[in-house]
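Input: a single structure, listed below in C-alpha cells.
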Amino acid sequence: MRPATRWAARFLCDLPLVSCILFFAELARSVPLGINWSLFFGELVSGLTLGSIYALIALGYTMVYGILKLLNFAHGDVYMVGAFIGYFVLHWLGGPLSPAVTGWFAVGVMFAVAMLGCGALGVGIERFAYRRLRDAPRIAPLISALGVSIFLQNTALLLWGPQFRDYDTFDLVGVKSYHIGTNFFISNVQILTISVSIGLTIVLALVVSRTRTGKAMRATSFDRDAAEMMGISIDRVISFTFFIGSALAAAGGVMFGLVFGQIFSLMGFTAGLKGFTAAVVGGIGSIPGAVLGGFLIGLTEAFATGYLPGGSVYANLYVFALLIAMFLIRPSGLLGSPAIQKV
Amino acid sequence: MSSQGGHQGEDLTAVPPERLDAIEAGVGTDEWVAQAEERRIARTGLSGLVQRGWEGIPPAGHLAILMGPFVLFPFITNEGNLYRYGLLTLLYALLALGLNVVVGFAGLLDLGYVAFFGCGAYLYGIMASGHTGHHLAAQWAIPIATVATGLVGLLLGLTSWRLLGDYLAIVTLFFLQAFVIFVNNANGGLNDFSYPFVGKVDLTGGANGLDQIDPFHLFGLHITTTKGYYFFTLISLTLLMTMLFFVNRSRTGRAWRALREDPLAAETMTIPVNRLKLLAFMFGAATAGFSGTIYGAVQSGAFPGDYDVGLLITIYAIVILGGLGSIGGVVIGALIVNGAPELLRSSANARFLFYGVLVLALFIALRPWYKPLIVLFGTVAFGFAVHGIATAVWSRGTAGHIDGGGAFGRGLEHWVLLPARTNTIAGWAYFALVAAALVLTLVRGWWRVVVLIPTLYLAAFVWENKLVEQVSGATRLILLGALLVVIMNVRPAGIFGTSRVEIV
C-alpha cells in the first residue's frame, strides 16, 4: 500500500476516536475552571478506594485470561457472593450492633471466610463449567460462563432477595476520619481498603514470581501443552488460579460492603464489567497492569462524577469511553504486550 | 465432539448436513468423514425415520412445514394468546435469527445484542411518536432505524477492529450497560448532558420510557391490530429465513463458517476475516434494530426495562437450543423458550411442566429402558418413606400446603415435605440440590441411579418450597443459565444443531 492510502485507512479506522475526542472537547468546555481542592481530594480518595476494589477484581480476570484465554463472566458474581458471605459471617458473629468479638477481629474473620468460600466456589465453577470445554471452540466456554453468571446472579436474587443488606460499618468498627491540612480527608476504612488491596497484590506478585506454583502458573500461561509435557499438573495449576482469583474478588466484595455500607444481589454485574475493563486497560494477562488499570478506572469514575457534565448519572459512560479510547490507541493495554498468535 | 459415557455411538451418528455438501465438493474429506453418510443411514428406529424423512424434503418444504402452523395460528386463537404465544415467539425468532448470524455463522460473542433491539425501538419512536411530535411514515422510519442501528453496530465493531473476538464480548456487554444508563437518563432533565450545539434534549423520555409511538403506516396501509403485526412479523421472518438460507450457501456464508471454525486458517486462505466479522456483526445489529421497530410499534412505547440482560439470555438460550448456525432451529428454540415460561405463569401449569420435563429428561438421558423406571419408582417410594418418617418425628415439616394444585397437588402434599416455615431450610436444600447435581456428573453407572433418587426428591422439595415462588422471574433465569452451561458441556452444537466434525 502506498503511504497516502495507508494514512487514509488509518484515519478511517480512527474515525470513532476522532469523533469521540471532538465530542469530549466540546463537553469539556462546560467543566468549571479554578480548583476546588476539597472536591479534588475527596474525589481522589474515593477514586483510589474504588480503584483498589476494581484492581482486586481485575486480578482474577487477568490471571484466568492469562492461563485459559477465557473471559470469566461469572467473576463479577463471585465478587457479589463474597460480599454476601462476609455479610452472613458478620451476622453469625452477632451482627454489627452487638458483635461477639471486637470489630476489627470480626472484619478479619469476614475477609478470611469470604475468601476461602469464594475460592472454593471458583474452583467448583472451573471444574464443572469450564474444564470440559478447554479444547472446545472459543465460543462454547464463553457461553458457559455467561450461563454461570446468570445462574449465580439469580440464585442470589431467589435466596437473598433484591433488597439492600447493611454492613453497618459505622457501628462495626467506628469510622474515623483523618485529615491532613484543611482539605485532605481519609477515613480508616478507606486506608484499610487501599492498603489491604496493595498488600494482597504484593503477596500475589511474590507468589507468581518466587514460588514453584507461581512458576508453574507462568509456564502454563506461556504454553499449556509444553507445560504439561514438563510434568506440570495443568488441572491443579488452573484450579489454583481460579482459587486465588476468586478469593481476591471476594476480598473486593467485602471491601465494597465496608466502604459503602450496603450490598445487593445485582452488584456483581457492573463491578465485573469494570473489573474486566480495568484488566483490559492495564493490559490483559499482566498483574501490575490489572492494578494500574483498576486505579485508573476508579479515578476516572470518581472524577467523572465530580467534574464531567452529567457525571452523577453517566459516570459509567465515561468509563466505557475510556475503554473504547484504550482499544483505539493501545489495544494491548498499558502494560500488556501485543498478542502474537502461535500456530 | 462430546463423548458422554455410554452412548458415544449415538453422538457419532450425528453428522452435519453441511459437511455432506463439503464431501460432494471434495473439500476436507477424510475417511471418517467420508463414511458419514453410511453412519447416518444406519441410524435406526423412529428418530432415524424422522431424520431421513426430514432430509428427503426440499428446503422450501422445510420452510412450509415450519411456518405453516404459524399462518393458521391467528384463526384459532384469541387476541391475548396471539400476542403472548404468537407475536412474541415470532419476534424472538426474528431476534434470534439475527443473533444466529453473529454467533452461529461468524462465531462472535455479541452481548450487546439487546441494546441494538432497543436502539431500533427508540429510533423509530423518536421518528414517529406523539412524545417527540414527529410522525414519519413507517416505510421511511423502519429502513432509517434499521440502517442507523446497523451503523451503530459498525462503529462499535470498528472500535475493536484489531481485536475482534474476545474483546468484542466485553465491549458489547458494556455497550448494553451504557445503553440502559443512557436511555434511563436522557430525558433532558437536571442530570442530563447538555449536548454540544443543541443543548438539552428529551430524547428517550428517561425512566418512564418513550410513549405514544405511532403504529405502522406503510404506504397508506395502517397496521393497528395484533393480527396485522403478527402477519407483518411472519412475512419478515420468512423473508429473512429465505435470505439467510441463500446467504449461508453463498461465498460469504462459506467464508463465515470457515472463520468461525478457525480464523487463522481462514486468514491464510486469504479470507478477509475482520471485514467478514464486521459484516456479520453489522447484519445482526440491523436485524435487531428492525425487530425493535416492530416491538416499539406493537407496544406503542419503548421502555428502558425491556432491554436488559434477562432478554439477552432468553435470546441466547433460543439460539443455543435451536443450534448454533441452524436457521430453522431458531423457530423451534423460540417456541420452546417463549412458550415454556408462558405456560409456567400459573403455578399449577408450571408444576405439571416441571415434573413432566424431569420425567422426560430421565427417559432420554438414562439407558437402558429399565433404569429410568427404577429411578422413577425409587424416587416415589423414597418420597413416601421420607414423608412417613417426617410425619412421625417432625410434624411441622409437613404442615405446609400446596395452593391450587388440584388432585395432583393434593397427592404431592402426601409425598413432598412442606415445612411451615420454609425460607432457611429451602435455601440450604437449594445448595444441597446444586451439590447433588454436580456430584451426578462425576459418578457413573449404577452409582448414578443411586444418587439420582435423592437428587430428584430434593429437586421436588426445592421446587415446591422455593422455586415455585418466582417462576417467571429468578427461577426462569436460573433454569436458562443452567441450561446454557449444561448444553455447552454436553452438546455444544445445541439440541437441534448438528455436532462439529473435527478433522485432524
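Note on naming: chains are A, B, ... as they come in the C-alpha cells, residues start from 1 per chain, ligands start from 1 in the order shown.
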
| message | Need to verify the contact set: Leu158 in chain A, 8 Å, only C-alpha atoms, exclusion of same-chain residues closer than 5 positions in sequence. Can you return it as a ChimeraX atom specification? | response | /B:467,470,474-475

Tell me, counting only C-alpha atoms, for each residue of chain A within 8 Å of chain B, which pair of atoms is nearest and how far apart they are in Å to one decimal, in rows ordered by chain and increasing number, as JSON lines.
{"residue": "A:Cys13", "atom": "CA", "partner": "B:Leu158", "partner_atom": "CA", "distance": 6.8}
{"residue": "A:Pro16", "atom": "CA", "partner": "B:Leu155", "partner_atom": "CA", "distance": 6.7}
{"residue": "A:Phe23", "atom": "CA", "partner": "B:Pro196", "partner_atom": "CA", "distance": 7.6}
{"residue": "A:Glu26", "atom": "CA", "partner": "B:Pro196", "partner_atom": "CA", "distance": 6.1}
{"residue": "A:Leu27", "atom": "CA", "partner": "B:Pro196", "partner_atom": "CA", "distance": 6.6}
{"residue": "A:Leu71", "atom": "CA", "partner": "B:Asp166", "partner_atom": "CA", "distance": 7.3}
{"residue": "A:Phe128", "atom": "CA", "partner": "B:Leu438", "partner_atom": "CA", "distance": 7.2}
{"residue": "A:Ala129", "atom": "CA", "partner": "B:Val485", "partner_atom": "CA", "distance": 6.3}
{"residue": "A:Arg132", "atom": "CA", "partner": "B:Asn489", "partner_atom": "CA", "distance": 6.5}
{"residue": "A:Leu133", "atom": "CA", "partner": "B:Asn489", "partner_atom": "CA", "distance": 6.7}
{"residue": "A:Pro137", "atom": "CA", "partner": "B:Glu261", "partner_atom": "CA", "distance": 7.4}
{"residue": "A:Ile139", "atom": "CA", "partner": "B:Gly107", "partner_atom": "CA", "distance": 6.6}
{"residue": "A:Ala140", "atom": "CA", "partner": "B:Met488", "partner_atom": "CA", "distance": 5.8}
{"residue": "A:Pro141", "atom": "CA", "partner": "B:Met488", "partner_atom": "CA", "distance": 7.3}
{"residue": "A:Leu142", "atom": "CA", "partner": "B:Leu109", "partner_atom": "CA", "distance": 7.8}
{"residue": "A:Ile143", "atom": "CA", "partner": "B:Leu484", "partner_atom": "CA", "distance": 6.7}
{"residue": "A:Ser144", "atom": "CA", "partner": "B:Val485", "partner_atom": "CA", "distance": 4.4}
{"residue": "A:Ala145", "atom": "CA", "partner": "B:Val485", "partner_atom": "CA", "distance": 7.4}
{"residue": "A:Leu146", "atom": "CA", "partner": "B:Gly481", "partner_atom": "CA", "distance": 7.4}
{"residue": "A:Gly147", "atom": "CA", "partner": "B:Gly481", "partner_atom": "CA", "distance": 4.0}
{"residue": "A:Val148", "atom": "CA", "partner": "B:Gly481", "partner_atom": "CA", "distance": 6.1}
{"residue": "A:Ser149", "atom": "CA", "partner": "B:Gly481", "partner_atom": "CA", "distance": 7.5}
{"residue": "A:Ile150", "atom": "CA", "partner": "B:Gly481", "partner_atom": "CA", "distance": 5.3}
{"residue": "A:Phe151", "atom": "CA", "partner": "B:Ile478", "partner_atom": "CA", "distance": 4.7}
{"residue": "A:Leu152", "atom": "CA", "partner": "B:Ile478", "partner_atom": "CA", "distance": 7.8}
{"residue": "A:Asn154", "atom": "CA", "partner": "B:Ala474", "partner_atom": "CA", "distance": 5.1}
{"residue": "A:Thr155", "atom": "CA", "partner": "B:Ile478", "partner_atom": "CA", "distance": 6.6}
{"residue": "A:Leu157", "atom": "CA", "partner": "B:Ala474", "partner_atom": "CA", "distance": 6.4}
{"residue": "A:Leu158", "atom": "CA", "partner": "B:Ala474", "partner_atom": "CA", "distance": 5.8}
{"residue": "A:Leu159", "atom": "CA", "partner": "B:Gly427", "partner_atom": "CA", "distance": 6.1}
{"residue": "A:Thr270", "atom": "CA", "partner": "B:Gln177", "partner_atom": "CA", "distance": 8.0}
{"residue": "A:Leu273", "atom": "CA", "partner": "B:Phe174", "partner_atom": "CA", "distance": 6.7}
{"residue": "A:Phe276", "atom": "CA", "partner": "B:Ile170", "partner_atom": "CA", "distance": 7.7}
{"residue": "A:Thr277", "atom": "CA", "partner": "B:Ile170", "partner_atom": "CA", "distance": 7.9}
{"residue": "A:Pro309", "atom": "CA", "partner": "B:Phe193", "partner_atom": "CA", "distance": 6.0}
{"residue": "A:Gly310", "atom": "CA", "partner": "B:Asn191", "partner_atom": "CA", "distance": 5.0}
{"residue": "A:Gly311", "atom": "CA", "partner": "B:Asn191", "partner_atom": "CA", "distance": 7.8}
{"residue": "A:Ser312", "atom": "CA", "partner": "B:Asn191", "partner_atom": "CA", "distance": 7.0}
{"residue": "A:Val313", "atom": "CA", "partner": "B:Asn191", "partner_atom": "CA", "distance": 6.7}
{"residue": "A:Tyr314", "atom": "CA", "partner": "B:Ile181", "partner_atom": "CA", "distance": 7.0}
{"residue": "A:Asn316", "atom": "CA", "partner": "B:Ala178", "partner_atom": "CA", "distance": 6.9}
{"residue": "A:Leu317", "atom": "CA", "partner": "B:Ala178", "partner_atom": "CA", "distance": 5.6}
{"residue": "A:Phe320", "atom": "CA", "partner": "B:Phe174", "partner_atom": "CA", "distance": 6.7}
{"residue": "A:Leu323", "atom": "CA", "partner": "B:Val171", "partner_atom": "CA", "distance": 7.9}
{"residue": "A:Ile324", "atom": "CA", "partner": "B:Thr159", "partner_atom": "CA", "distance": 6.3}
{"residue": "A:Phe327", "atom": "CA", "partner": "B:Ser160", "partner_atom": "CA", "distance": 6.1}
{"residue": "A:Leu328", "atom": "CA", "partner": "B:Thr159", "partner_atom": "CA", "distance": 6.1}
{"residue": "A:Pro331", "atom": "CA", "partner": "B:Leu163", "partner_atom": "CA", "distance": 7.4}

Just to be explicit: take each residue in the selection above, keep N, CA and C atoms, and write the result as a tab-separated table (two decimals), in the first residue's frame.
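result11.tsv, written as the output of this step:
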chain	number	residue	atom	x	y	z
A	13	CYS	N	-10.06	4.14	10.26
A	13	CYS	CA	-10.18	3.29	11.43
A	13	CYS	C	-10.28	4.13	12.70
A	16	PRO	N	-13.89	6.79	14.76
A	16	PRO	CA	-14.64	6.83	16.03
A	16	PRO	C	-13.88	7.58	17.11
A	23	PHE	N	-16.11	15.28	20.51
A	23	PHE	CA	-17.30	15.33	21.36
A	23	PHE	C	-16.93	15.74	22.78
A	26	GLU	N	-15.79	19.31	23.19
A	26	GLU	CA	-16.94	20.21	23.24
A	26	GLU	C	-17.57	20.18	24.63
A	27	LEU	N	-17.69	18.94	25.18
A	27	LEU	CA	-18.27	18.80	26.52
A	27	LEU	C	-17.41	19.50	27.56
A	71	LEU	N	-12.74	-15.37	29.02
A	71	LEU	CA	-13.36	-14.28	29.78
A	71	LEU	C	-14.31	-14.93	30.76
A	128	PHE	N	-16.66	-27.65	36.95
A	128	PHE	CA	-17.90	-28.17	36.36
A	128	PHE	C	-18.35	-27.41	35.12
A	129	ALA	N	-17.95	-26.15	34.98
A	129	ALA	CA	-18.48	-25.40	33.84
A	129	ALA	C	-17.45	-25.18	32.74
A	132	ARG	N	-14.37	-29.14	30.85
A	132	ARG	CA	-14.63	-29.96	29.67
A	132	ARG	C	-14.49	-29.17	28.38
A	133	LEU	N	-14.52	-27.83	28.51
A	133	LEU	CA	-14.58	-27.01	27.30
A	133	LEU	C	-13.23	-26.41	26.94
A	137	PRO	N	-14.50	-25.12	20.73
A	137	PRO	CA	-14.42	-23.84	20.03
A	137	PRO	C	-14.54	-22.69	21.03
A	139	ILE	N	-16.17	-20.12	21.47
A	139	ILE	CA	-17.42	-19.53	21.92
A	139	ILE	C	-18.10	-20.37	23.01
A	140	ALA	N	-17.81	-21.69	23.05
A	140	ALA	CA	-18.51	-22.56	23.99
A	140	ALA	C	-18.24	-22.20	25.46
A	141	PRO	N	-16.96	-22.06	25.89
A	141	PRO	CA	-16.75	-21.67	27.29
A	141	PRO	C	-17.30	-20.29	27.61
A	142	LEU	N	-17.29	-19.39	26.62
A	142	LEU	CA	-17.83	-18.05	26.88
A	142	LEU	C	-19.32	-18.13	27.20
A	143	ILE	N	-20.05	-18.93	26.42
A	143	ILE	CA	-21.48	-19.05	26.67
A	143	ILE	C	-21.72	-19.76	28.00
A	144	SER	N	-20.88	-20.75	28.28
A	144	SER	CA	-20.98	-21.44	29.56
A	144	SER	C	-20.77	-20.45	30.71
A	145	ALA	N	-19.78	-19.57	30.54
A	145	ALA	CA	-19.50	-18.57	31.59
A	145	ALA	C	-20.68	-17.64	31.77
A	146	LEU	N	-21.29	-17.27	30.65
A	146	LEU	CA	-22.48	-16.43	30.71
A	146	LEU	C	-23.58	-17.13	31.51
A	147	GLY	N	-23.75	-18.43	31.25
A	147	GLY	CA	-24.76	-19.20	31.97
A	147	GLY	C	-24.48	-19.23	33.46
A	148	VAL	N	-23.20	-19.44	33.83
A	148	VAL	CA	-22.84	-19.47	35.25
A	148	VAL	C	-23.17	-18.13	35.89
A	149	SER	N	-22.84	-17.05	35.17
A	149	SER	CA	-23.08	-15.71	35.72
A	149	SER	C	-24.56	-15.50	36.00
A	150	ILE	N	-25.40	-15.83	35.02
A	150	ILE	CA	-26.85	-15.66	35.20
A	150	ILE	C	-27.35	-16.55	36.32
A	151	PHE	N	-26.80	-17.76	36.38
A	151	PHE	CA	-27.21	-18.70	37.42
A	151	PHE	C	-26.92	-18.14	38.81
A	152	LEU	N	-25.68	-17.67	39.01
A	152	LEU	CA	-25.30	-17.16	40.33
A	152	LEU	C	-26.13	-15.93	40.70
A	154	ASN	N	-29.08	-14.94	39.71
A	154	ASN	CA	-30.48	-15.19	40.02
A	154	ASN	C	-30.66	-16.10	41.22
A	155	THR	N	-29.64	-16.93	41.50
A	155	THR	CA	-29.68	-17.69	42.74
A	155	THR	C	-29.67	-16.72	43.92
A	157	LEU	N	-30.67	-13.69	43.84
A	157	LEU	CA	-31.95	-12.98	43.82
A	157	LEU	C	-33.05	-13.83	44.45
A	158	LEU	N	-32.99	-15.12	44.16
A	158	LEU	CA	-34.03	-16.03	44.67
A	158	LEU	C	-33.89	-16.22	46.18
A	159	LEU	N	-32.65	-16.46	46.62
A	159	LEU	CA	-32.48	-16.83	48.02
A	159	LEU	C	-32.36	-15.61	48.93
A	270	THR	N	-22.17	-4.91	37.23
A	270	THR	CA	-21.43	-3.69	36.89
A	270	THR	C	-19.99	-3.79	37.36
A	273	LEU	N	-17.96	-5.93	35.13
A	273	LEU	CA	-17.70	-5.22	33.89
A	273	LEU	C	-16.53	-4.27	34.05
A	276	PHE	N	-13.25	-6.05	34.52
A	276	PHE	CA	-12.68	-6.51	33.26
A	276	PHE	C	-12.11	-5.36	32.46
A	277	THR	N	-12.85	-4.23	32.47
A	277	THR	CA	-12.33	-3.05	31.79
A	277	THR	C	-10.96	-2.68	32.33
A	309	PRO	N	-19.78	16.79	32.86
A	309	PRO	CA	-21.22	17.08	32.77
A	309	PRO	C	-22.03	15.79	32.80
A	310	GLY	N	-23.10	15.80	33.57
A	310	GLY	CA	-23.94	14.62	33.68
A	310	GLY	C	-23.25	13.49	34.40
A	311	GLY	N	-22.11	13.79	35.07
A	311	GLY	CA	-21.29	12.74	35.67
A	311	GLY	C	-21.99	11.92	36.73
A	312	SER	N	-22.92	12.53	37.46
A	312	SER	CA	-23.54	11.80	38.56
A	312	SER	C	-24.33	10.61	38.05
A	313	VAL	N	-24.91	10.70	36.85
A	313	VAL	CA	-25.62	9.54	36.32
A	313	VAL	C	-24.84	8.84	35.21
A	314	TYR	N	-23.94	9.55	34.54
A	314	TYR	CA	-23.28	8.99	33.38
A	314	TYR	C	-21.84	8.55	33.64
A	316	ASN	N	-20.54	5.82	34.41
A	316	ASN	CA	-20.18	4.58	33.74
A	316	ASN	C	-19.97	4.76	32.25
A	317	LEU	N	-20.68	5.73	31.67
A	317	LEU	CA	-20.48	6.01	30.25
A	317	LEU	C	-19.07	6.53	30.00
A	320	PHE	N	-16.79	3.68	30.01
A	320	PHE	CA	-16.93	2.99	28.72
A	320	PHE	C	-16.12	3.71	27.65
A	323	LEU	N	-12.59	2.86	27.92
A	323	LEU	CA	-12.31	1.53	27.37
A	323	LEU	C	-12.17	1.61	25.85
A	324	ILE	N	-13.13	2.31	25.22
A	324	ILE	CA	-13.10	2.43	23.76
A	324	ILE	C	-11.83	3.15	23.32
A	327	PHE	N	-8.92	0.86	23.41
A	327	PHE	CA	-8.91	-0.07	22.29
A	327	PHE	C	-8.33	0.60	21.06
A	328	LEU	N	-8.67	1.88	20.88
A	328	LEU	CA	-8.26	2.55	19.66
A	328	LEU	C	-6.80	2.95	19.71
A	331	PRO	N	-4.38	-1.18	21.85
A	331	PRO	CA	-5.25	-2.34	22.08
A	331	PRO	C	-4.67	-3.34	23.06

| field | Non-local contacts of range 378-389 of chain B (9 Å; only C-alpha atoms; under 5 positions in same chain excluded) as a ChimeraX atom specification | value | /B:373,394,397-398,414-417,452-457

Next, write the just-selected residues to a file, as a compact mmCIF listing (two decimals), in the first residue's frame, keeping N, CA and C atoms as the atom set.
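Printed below is out_15.txt as written:
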# COMPACT_ATOMS: atom_id res chain seq x y z
N LEU B 373 -37.09 -46.34 34.88
CA LEU B 373 -38.23 -46.87 35.64
C LEU B 373 -37.83 -47.11 37.09
N TRP B 394 -41.38 -35.12 62.98
CA TRP B 394 -41.21 -33.67 62.76
C TRP B 394 -42.48 -33.15 62.10
N GLY B 397 -42.76 -30.28 59.66
CA GLY B 397 -42.19 -30.48 58.33
C GLY B 397 -43.23 -30.80 57.28
N THR B 398 -44.43 -31.17 57.70
CA THR B 398 -45.45 -31.50 56.70
C THR B 398 -46.65 -30.57 56.83
N HIS B 414 -48.83 -35.35 50.16
CA HIS B 414 -48.53 -36.56 50.94
C HIS B 414 -47.18 -37.13 50.59
N TRP B 415 -46.48 -36.48 49.67
CA TRP B 415 -45.23 -37.06 49.19
C TRP B 415 -44.02 -36.17 49.50
N VAL B 416 -44.16 -34.89 49.20
CA VAL B 416 -43.02 -33.99 49.38
C VAL B 416 -43.17 -33.27 50.72
N LEU B 417 -42.06 -33.03 51.37
CA LEU B 417 -42.10 -32.32 52.66
C LEU B 417 -42.42 -30.85 52.41
N LEU B 452 -29.28 -40.39 41.88
CA LEU B 452 -30.40 -39.70 41.24
C LEU B 452 -31.65 -39.68 42.11
N ILE B 453 -31.91 -40.77 42.83
CA ILE B 453 -33.17 -40.87 43.57
C ILE B 453 -33.30 -39.75 44.59
N PRO B 454 -32.34 -39.61 45.54
CA PRO B 454 -32.48 -38.47 46.47
C PRO B 454 -32.39 -37.11 45.78
N THR B 455 -31.61 -37.03 44.69
CA THR B 455 -31.48 -35.74 44.00
C THR B 455 -32.83 -35.30 43.44
N LEU B 456 -33.55 -36.25 42.83
CA LEU B 456 -34.85 -35.91 42.27
C LEU B 456 -35.82 -35.48 43.36
N TYR B 457 -35.77 -36.20 44.48
CA TYR B 457 -36.66 -35.84 45.58
C TYR B 457 -36.31 -34.45 46.09

For range 204-214 of chain B, work out the shell of residues within 12 Å, counting only C-alpha atoms and skipping chain neighbours fewer than 5 positions away, then give it as a compact mmCIF listing (two decimals) with N, CA and C atoms, in the first residue's frame.
# COMPACT_ATOMS: atom_id res chain seq x y z
N VAL A 313 -24.91 10.70 36.85
CA VAL A 313 -25.62 9.54 36.32
C VAL A 313 -24.84 8.84 35.21
N GLY B 118 -33.15 -2.40 21.37
CA GLY B 118 -33.65 -1.17 21.98
C GLY B 118 -33.41 0.04 21.09
N CYS B 119 -32.23 0.07 20.48
CA CYS B 119 -31.90 1.16 19.56
C CYS B 119 -32.97 1.30 18.49
N ALA B 121 -36.10 0.31 18.53
CA ALA B 121 -37.37 0.79 19.10
C ALA B 121 -37.30 2.28 19.39
N TYR B 122 -36.20 2.72 20.00
CA TYR B 122 -36.08 4.13 20.36
C TYR B 122 -35.96 5.01 19.12
N LEU B 123 -35.16 4.55 18.14
CA LEU B 123 -35.01 5.37 16.93
C LEU B 123 -36.34 5.52 16.21
N TYR B 124 -37.08 4.41 16.11
CA TYR B 124 -38.40 4.50 15.48
C TYR B 124 -39.28 5.44 16.29
N GLY B 125 -39.22 5.31 17.61
CA GLY B 125 -40.03 6.15 18.48
C GLY B 125 -39.69 7.63 18.34
N ILE B 126 -38.40 7.92 18.18
CA ILE B 126 -38.00 9.32 18.04
C ILE B 126 -38.53 9.88 16.72
N MET B 127 -38.55 9.01 15.69
CA MET B 127 -39.00 9.49 14.38
C MET B 127 -40.51 9.52 14.26
N ALA B 128 -41.20 8.68 15.01
CA ALA B 128 -42.65 8.61 14.84
C ALA B 128 -43.34 8.35 16.17
N SER B 129 -43.62 9.41 16.91
CA SER B 129 -44.40 9.23 18.13
C SER B 129 -45.00 10.55 18.57
N GLY B 130 -46.03 10.45 19.38
CA GLY B 130 -46.63 11.66 19.94
C GLY B 130 -45.71 12.30 20.97
N HIS B 131 -44.76 11.50 21.51
CA HIS B 131 -43.86 12.01 22.53
C HIS B 131 -42.94 13.09 21.96
N THR B 132 -42.38 12.81 20.80
CA THR B 132 -41.46 13.78 20.20
C THR B 132 -42.16 14.72 19.23
N GLY B 133 -43.37 14.33 18.78
CA GLY B 133 -44.12 15.19 17.88
C GLY B 133 -43.80 14.99 16.41
N HIS B 134 -42.83 14.10 16.09
CA HIS B 134 -42.58 13.79 14.69
C HIS B 134 -43.44 12.60 14.30
N HIS B 135 -43.94 12.61 13.07
CA HIS B 135 -44.74 11.46 12.64
C HIS B 135 -44.31 11.04 11.25
N LEU B 136 -43.15 10.42 11.15
CA LEU B 136 -42.64 9.97 9.86
C LEU B 136 -43.36 8.67 9.49
N ALA B 137 -43.70 8.52 8.21
CA ALA B 137 -44.38 7.30 7.78
C ALA B 137 -43.44 6.11 7.95
N ALA B 138 -44.05 4.94 8.24
CA ALA B 138 -43.23 3.78 8.60
C ALA B 138 -42.34 3.31 7.47
N ALA B 141 -39.40 5.38 8.17
CA ALA B 141 -38.83 5.27 9.52
C ALA B 141 -38.19 3.90 9.76
N ILE B 142 -38.84 2.83 9.25
CA ILE B 142 -38.28 1.49 9.51
C ILE B 142 -36.91 1.32 8.86
N PHE B 179 -26.03 1.68 27.20
CA PHE B 179 -27.30 1.99 26.55
C PHE B 179 -28.41 2.13 27.58
N VAL B 180 -28.47 1.20 28.52
CA VAL B 180 -29.53 1.23 29.53
C VAL B 180 -29.39 2.49 30.39
N ILE B 181 -28.16 2.81 30.80
CA ILE B 181 -27.95 4.03 31.59
C ILE B 181 -28.38 5.25 30.78
N PHE B 182 -28.00 5.25 29.51
CA PHE B 182 -28.31 6.41 28.67
C PHE B 182 -29.82 6.60 28.52
N VAL B 183 -30.54 5.56 28.13
CA VAL B 183 -31.97 5.76 27.88
C VAL B 183 -32.73 6.04 29.17
N ASN B 184 -32.16 5.60 30.28
CA ASN B 184 -32.81 5.88 31.57
C ASN B 184 -32.69 7.34 31.96
N ASN B 185 -31.70 8.04 31.43
CA ASN B 185 -31.43 9.39 31.89
C ASN B 185 -31.54 10.47 30.85
N ALA B 186 -31.58 10.09 29.56
CA ALA B 186 -31.54 11.11 28.51
C ALA B 186 -32.92 11.73 28.30
N ASN B 187 -33.44 12.34 29.34
CA ASN B 187 -34.75 12.96 29.20
C ASN B 187 -34.66 14.48 29.27
N GLY B 188 -33.46 15.02 29.06
CA GLY B 188 -33.29 16.46 29.11
C GLY B 188 -33.44 17.02 30.51
N GLY B 189 -33.34 16.16 31.51
CA GLY B 189 -33.54 16.60 32.90
C GLY B 189 -32.30 17.26 33.48
N LEU B 190 -32.34 17.40 34.80
CA LEU B 190 -31.30 18.15 35.51
C LEU B 190 -29.92 17.52 35.34
N ASN B 191 -29.87 16.17 35.39
CA ASN B 191 -28.58 15.50 35.37
C ASN B 191 -28.10 15.18 33.96
N ASP B 192 -28.94 15.44 32.97
CA ASP B 192 -28.62 15.02 31.62
C ASP B 192 -27.50 15.88 31.03
N HIS B 222 -52.61 0.93 7.17
CA HIS B 222 -52.49 1.12 8.62
C HIS B 222 -52.52 -0.22 9.32
N ILE B 223 -51.43 -0.54 10.02
CA ILE B 223 -51.44 -1.77 10.82
C ILE B 223 -51.77 -1.37 12.25
N THR B 224 -52.90 -1.83 12.74
CA THR B 224 -53.28 -1.44 14.09
C THR B 224 -53.54 -2.64 14.99
N THR B 293 -38.08 -1.95 15.88
CA THR B 293 -39.14 -1.05 15.39
C THR B 293 -40.50 -1.72 15.53
N ILE B 294 -40.56 -3.01 15.21
CA ILE B 294 -41.85 -3.71 15.34
C ILE B 294 -42.29 -3.73 16.80
N TYR B 295 -41.35 -4.06 17.67
CA TYR B 295 -41.68 -4.17 19.09
C TYR B 295 -42.16 -2.82 19.64
N GLY B 296 -41.45 -1.75 19.24
CA GLY B 296 -41.85 -0.42 19.68
C GLY B 296 -43.26 -0.08 19.24
N ALA B 297 -43.57 -0.39 17.96
CA ALA B 297 -44.89 -0.07 17.44
C ALA B 297 -45.97 -0.92 18.11
N VAL B 298 -45.67 -2.20 18.35
CA VAL B 298 -46.66 -3.08 18.98
C VAL B 298 -46.98 -2.60 20.39
N GLN B 299 -45.94 -2.23 21.10
CA GLN B 299 -46.14 -1.79 22.48
C GLN B 299 -46.59 -0.35 22.55
N SER B 300 -46.54 0.35 21.44
CA SER B 300 -46.72 1.80 21.33
C SER B 300 -45.91 2.52 22.39
N GLY B 301 -44.70 2.03 22.63
CA GLY B 301 -43.80 2.69 23.57
C GLY B 301 -42.49 1.93 23.65
N ALA B 302 -41.44 2.61 24.10
CA ALA B 302 -40.16 1.95 24.32
C ALA B 302 -39.76 2.24 25.76
N PHE B 303 -39.52 1.19 26.54
CA PHE B 303 -39.27 1.36 27.96
C PHE B 303 -37.92 0.75 28.32
N PRO B 304 -37.10 1.46 29.10
CA PRO B 304 -35.73 1.01 29.37
C PRO B 304 -35.66 -0.39 29.96
N GLY B 305 -36.63 -0.74 30.79
CA GLY B 305 -36.58 -2.03 31.48
C GLY B 305 -36.71 -3.23 30.56
N ASP B 306 -37.20 -2.99 29.32
CA ASP B 306 -37.41 -4.11 28.41
C ASP B 306 -36.11 -4.63 27.82
N TYR B 307 -35.07 -3.80 27.84
CA TYR B 307 -33.86 -4.16 27.11
C TYR B 307 -32.74 -4.46 28.09

| remark: One decimal place gives the CA of Gly268 in chain A-CA of Gly76 in chain A separation as 4.4 Å

| field | Members of range 50-290 of chain A assigned strand (DSSP E or B) by DSSP, as a ChimeraX atom specification | value | /A:165-166,177-180,184-187,262-263

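Take the candidates A:Leu70, A:Cys118, A:Ile287, A:Met230 and check each one against Ala83 in chain A using only C-alpha atoms; the shortest distance goes to A:Cys118.
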